[in-house]
Amino acid sequence: MKNKKVAYPEQVIKDMQEKIANNEKILIEYGDFVPKRTLPQNAYLHVVFSYIADKTDTWYSADDFKEIFKYKFLKRYSEIFWMYVQPTHTLDKIEMIEFIEKIKLFCLDFFKLEIPNPEDKRILDYYNFEFKKIWKQNI
């Protein structure tokens with residue numbers, strides 16, 4: 001990590017200082033920093049699930065599609081858990097992009113449904129509709 005600066009939140013630094021003061025072990029991992037998935041990515045993903053649920057002739061809900069696609073594309077194996085499904089909140093930006101692209105390709109192939117990109121007016125209109133629908137339900 002030559003010439004790279006790493007910024008830590010204050011609480012992380014305080015926790016490390018406390019562990020050092022108590023002679024506790026600290027695990028330090030290093031490597032290239034890859035930021036976690038963004039809130040806009042997550043919002044788009046949930047709109048995609050709703051879009052698929054509404055545009056396909058299935059009885060599956062957006063939540064059902066979320067679980068189906070997580071199982072299909074985020075299934076992982078480990079020695080401890082044998083098989084598990086990775087939660088979407090643990091994905092980094094690149095993994096989230098790949099997950100969304102796999103969903104879009106699957107929908108195009110299986111349902112013949114093209115999922116609009118986040119900048120596309122169709123998905124923006126749909127997103128606004130979904131947002132208004134959710135907003136009204138929570139009032």
# chains A, B, ... in the order shown; residues from 1 in each chain; ligands from 1
call {"tool": "closest_atom_pairs", "arguments": {"of": "stretch 17-75 of chain A", "to": "stretch 106-111 of chain A", "cutoff": "12 Å", "atoms": "only C-alpha atoms", "output": "Markdown table"}}
result
| residue | atom | partner | partner_atom | distance |
| --- | --- | --- | --- | --- |
| A:Val48 | CA | A:Cys107 | CA | 10.4 |
| A:Phe49 | CA | A:Cys107 | CA | 10.7 |
| A:Tyr51 | CA | A:Cys107 | CA | 10.9 |
| A:Ile52 | CA | A:Cys107 | CA | 7.9 |
| A:Ala53 | CA | A:Cys107 | CA | 11.0 |
| A:Lys55 | CA | A:Phe111 | CA | 9.2 |
| A:Thr56 | CA | A:Phe111 | CA | 7.0 |
| A:Asp57 | CA | A:Phe111 | CA | 8.9 |
| A:Thr58 | CA | A:Phe111 | CA | 10.2 |
| A:Phe65 | CA | A:Cys107 | CA | 11.0 |
| A:Ile68 | CA | A:Phe106 | CA | 11.8 |
| A:Phe69 | CA | A:Phe106 | CA | 9.4 |
| A:Lys72 | CA | A:Phe106 | CA | 10.3 |
| A:Phe73 | CA | A:Phe106 | CA | 10.3 |
call {"tool": "closest_atom_pairs", "arguments": {"of": "stretch 64-90 of chain A", "to": "stretch 40-45 of chain A", "cutoff": "9 Å", "atoms": "only C-alpha atoms", "output": "CSV"}}
result
residue,atom,partner,partner_atom,distance
A:Lys66,CA,A:Leu45,CA,8.8
A:Thr88,CA,A:Asn42,CA,8.4
A:His89,CA,A:Asn42,CA,8.4
call {"tool": "write_last_selection", "arguments": {"atoms": "N, CA and C atoms", "output": "short mmCIF file (atom, residue, chain, number, x, y, z; two decimals), in the first residue's frame"}}
result
data_model
loop_
_atom_site.label_atom_id
_atom_site.label_comp_id
_atom_site.auth_asym_id
_atom_site.auth_seq_id
_atom_site.Cartn_x
_atom_site.Cartn_y
_atom_site.Cartn_z
N LYS A 66 -36.48 -11.29 -4.77
CA LYS A 66 -35.22 -10.98 -4.09
C LYS A 66 -34.60 -12.27 -3.55
N THR A 88 -27.32 -9.17 0.63
CA THR A 88 -26.96 -8.10 -0.30
C THR A 88 -26.25 -6.94 0.39
N HIS A 89 -26.50 -6.73 1.68
CA HIS A 89 -25.84 -5.61 2.36
C HIS A 89 -24.34 -5.83 2.54
#
call {"tool": "closest_residue", "arguments": {"among": "A:Met96, A:Ile115, A:Leu74, A:Ala21", "to": "A:Leu39", "atoms": "only C-alpha atoms"}}
result
A:Met96
call {"tool": "atom_distance", "arguments": {"atom1": "atom CA of A:Asp125", "atom2": "atom CA of A:Ile94"}}
result
25.8 Å
call {"tool": "atom_distance", "arguments": {"atom1": "atom CA of A:Phe81", "atom2": "atom CA of A:Ile100"}}
result
25.2 Å
call {"tool": "closest_residue", "arguments": {"among": "A:Lys19, A:Lys104, A:Lys14, A:Lys25", "to": "A:Pro118", "atoms": "only C-alpha atoms"}}
result
A:Lys104
call {"tool": "select_by_dssp", "arguments": {"residues": "stretch 38-135 of chain A", "states": "strand (DSSP E)", "output": "list in words"}}
result
Lys75, Arg76, Tyr77, Ser78, Trp82, Met83, Tyr84 and Val85 of chain A
call {"tool": "write_last_selection", "arguments": {"atoms": "N, CA and C atoms", "output": "short mmCIF file (atom, residue, chain, number, x, y, z; two decimals), in the first residue's frame"}}
result
data_model
loop_
_atom_site.label_atom_id
_atom_site.label_comp_id
_atom_site.auth_asym_id
_atom_site.auth_seq_id
_atom_site.Cartn_x
_atom_site.Cartn_y
_atom_site.Cartn_z
N LYS A 75 -25.31 -17.64 -3.85
CA LYS A 75 -25.08 -18.85 -3.08
C LYS A 75 -23.57 -19.02 -2.91
N ARG A 76 -23.15 -19.25 -1.68
CA ARG A 76 -21.73 -19.40 -1.37
C ARG A 76 -21.51 -20.69 -0.59
N TYR A 77 -20.28 -21.16 -0.59
CA TYR A 77 -19.94 -22.36 0.15
C TYR A 77 -18.76 -22.06 1.08
N SER A 78 -18.82 -22.64 2.26
CA SER A 78 -17.70 -22.49 3.19
C SER A 78 -17.55 -23.78 3.98
N TRP A 82 -21.11 -24.76 5.19
CA TRP A 82 -21.34 -25.58 4.02
C TRP A 82 -21.92 -24.75 2.90
N MET A 83 -23.20 -24.40 2.95
CA MET A 83 -23.80 -23.55 1.92
C MET A 83 -24.59 -22.44 2.61
N TYR A 84 -24.43 -21.23 2.10
CA TYR A 84 -25.21 -20.11 2.63
C TYR A 84 -25.46 -19.12 1.51
N VAL A 85 -26.41 -18.22 1.74
CA VAL A 85 -26.73 -17.19 0.76
C VAL A 85 -26.19 -15.87 1.31
#
call {"tool": "atom_distance", "arguments": {"atom1": "atom CA of A:Asp92", "atom2": "atom CA of A:Lys70"}}
result
14.7 Å
call {"tool": "closest_residue", "arguments": {"among": "A:Val47, A:Pro87, A:Asn117, A:Asn128", "to": "A:Glu101", "atoms": "only C-alpha atoms"}}
result
A:Asn117
